[in-house]
Amino acid sequence: MKFLDKLCSEDDEIVDKVMHNEYWYFQIFSGLYPKMNTPKWRVFSVIQFIIYMSFFLYHAVLLIITAIKLTDDKVEMFQSLHYLTVLSISIYVTLFLQMYRQTYAKIHRAIGTRLFSYDEKTDEFKKTLVTKMEKKKKVLVQLIFSYYSTIPFIMLILEKSLNAYSGDDKVVLLSPNLPVTIWIPYETDSLIGSSSALIMIAVVCGIVVMVFATADVSVFVMCENLAMELRFLIHSLNRLPERTLHLYRLRHGDNTNVSIETIKENTDLSNCCRDCLKQNIIHHQNINE
């Protein structure tokens with residue numbers, strides 16, 4: 001399909017490698033960046049997208065009906081609207097990243113290629129930045145996934161505790177045998193009915209958790225890499241005199257005795273400085289892109 005070909009026009013091995021290194025398989029599991037490098041993967045990804053959207057929209061409708069049925073109970077009504085908001089954000093994030101898949105791929109290709117390289121001593125500073133960023137990312141990823149893995153269970157416990165404390169029969173009758181207050185279009189007081197409803201709720205909750213967690217990690221990775229490139233650019237500008245002399249010696253021999261203070265009188269030295277500044281301009285343009 002031409003639409004899918006255009007959507008995946010920026011996909012390549014570098015992007016796939018960065019996606020795997022930074023997020024493991026969570027970009028695929030969450031549906032934010034489904035794999036489409038082969039016809040089989042495209043079919044799988046399209047089916048996955050349809051299933052995810054079906055689950056999202058189905059439960060969104062159920063939550064709207066639940067809120068309408070619980071208009072007399074403001075706490076439960078707003079709790080349903082809260083779940084609906086979370087679900088709507090998941091739908092928006094998923095659709096947004098599908099629409100801007102090309103831009104998303106370009107950003108991660110830039111992360112994989114590291115945008116720009118200077119002389120060896122200047123590049124050593126970037127290695128230090130990368131090491132610090134990796135340590136920070138490791139801690140943050142653990143915190144994010146721990147948070148999103150525990151908070152849904154805490155919310156369920158709190159909701160059931162509040163329902164039990166209030167003794168609201170209307171809430172109990174609305175969704176018997178279910179951990180959340182939600183209207184289901186079939187009986188849930190039987191084993192089959194409650195099991196099928198629980199499985200669907202568990203699946204949609206799992207997808208939502210993966211979408212939020214993966215999106216949060218993605219924002220961190222992109223912002224941290226952007227900040228790192230800007231720090232690297234500033235460092236390279238601070239080392240402009242050293243870089244100028246280094247380039248001058250490369251062009252005119254290591255034994256050349258020259259001082260940066262003679263840049264006004266030395267045309268060759270000023271040309272080297274100009275070329276070093278051009279490198280910084282190209283680096284900055286790459287960051288902007």
# chains A, B, ... in the order shown; residues from 1 in each chain; ligands from 1
call {"tool": "closest_atom_pairs", "arguments": {"of": "segment 80-181 of chain A", "to": "segment 33-48 of chain A", "cutoff": "10 Å", "atoms": "only C-alpha atoms", "output": "JSON lines"}}
result
{"residue": "A:Thr94", "atom": "CA", "partner": "A:Tyr33", "partner_atom": "CA", "distance": 8.7}
{"residue": "A:Leu97", "atom": "CA", "partner": "A:Tyr33", "partner_atom": "CA", "distance": 7.3}
{"residue": "A:Gln98", "atom": "CA", "partner": "A:Tyr33", "partner_atom": "CA", "distance": 7.3}
{"residue": "A:Arg101", "atom": "CA", "partner": "A:Tyr33", "partner_atom": "CA", "distance": 7.3}
{"residue": "A:Tyr104", "atom": "CA", "partner": "A:Tyr33", "partner_atom": "CA", "distance": 8.6}
{"residue": "A:Ala105", "atom": "CA", "partner": "A:Tyr33", "partner_atom": "CA", "distance": 8.9}
call {"tool": "residues_around", "arguments": {"residues": "Ile201 of chain A", "least_positions_apart": "5", "cutoff": "12 Å", "atoms": "only C-alpha atoms", "output": "MDAnalysis selection string"}}
result
chainID A and resid 55:56 58:60 62:63 83 87 152 178:184 194:196 206:208
call {"tool": "atom_distance", "arguments": {"atom1": "atom CA of Asn21 of chain A", "atom2": "atom CA of Tyr118 of chain A"}}
result
24.6 Å
call {"tool": "atom_distance", "arguments": {"atom1": "atom CA of Glu224 of chain A", "atom2": "atom CA of Met133 of chain A"}}
result
7.1 Å
call {"tool": "residues_around", "arguments": {"residues": "segment 238-240 of chain A", "least_positions_apart": "4", "cutoff": "9 Å", "atoms": "only C-alpha atoms", "output": "PyMOL selection string"}}
result
chain A and resi 122+233-234+244-245+273+276-277
call {"tool": "atom_distance", "arguments": {"atom1": "atom CA of Asn257 of chain A", "atom2": "atom CA of Asp119 of chain A"}}
result
19.5 Å
call {"tool": "residues_around", "arguments": {"residues": "His235 of chain A", "least_positions_apart": "3", "cutoff": "12 Å", "atoms": "only C-alpha atoms", "output": "list in words"}}
result
Tyr118, Lys121, Thr122, Asp123, Glu124, Phe125, Lys126, Leu129, Met228, Glu229, Leu230, Arg231, Phe232, Asn238, Arg239, Leu240, Pro241, Glu242, Arg243 and Asn280 of chain A
call {"tool": "residues_around", "arguments": {"residues": "Phe220 of chain A", "least_positions_apart": "5", "cutoff": "9 Å", "atoms": "only C-alpha atoms", "output": "ChimeraX atom specification"}}
result
/A:137,140,215,225
call {"tool": "write_last_selection", "arguments": {"atoms": "N, CA and C atoms", "output": "PDB file, in the first residue's frame"}}
result
ATOM      1  N   LYS A 137      19.297   7.138  32.562  1.00  0.00           N
ATOM      2  CA  LYS A 137      18.186   6.475  31.866  1.00  0.00           C
ATOM      3  C   LYS A 137      17.831   5.155  32.537  1.00  0.00           C
ATOM      4  N   LEU A 140      15.805   5.905  35.637  1.00  0.00           N
ATOM      5  CA  LEU A 140      14.490   6.465  35.317  1.00  0.00           C
ATOM      6  C   LEU A 140      13.562   5.412  34.711  1.00  0.00           C
ATOM      7  N   ALA A 215       5.812   5.862  26.154  1.00  0.00           N
ATOM      8  CA  ALA A 215       5.794   7.275  25.740  1.00  0.00           C
ATOM      9  C   ALA A 215       6.649   8.121  26.684  1.00  0.00           C
ATOM     10  N   ASN A 225      18.877  13.257  24.827  1.00  0.00           N
ATOM     11  CA  ASN A 225      19.804  13.296  23.694  1.00  0.00           C
ATOM     12  C   ASN A 225      19.913  14.702  23.120  1.00  0.00           C
TER      13      ASN A 225
END
call {"tool": "closest_residue", "arguments": {"among": "A:Met200, A:Leu4, A:Leu156, A:Ile65", "to": "Leu174 of chain A", "atoms": "only C-alpha atoms"}}
result
A:Ile65
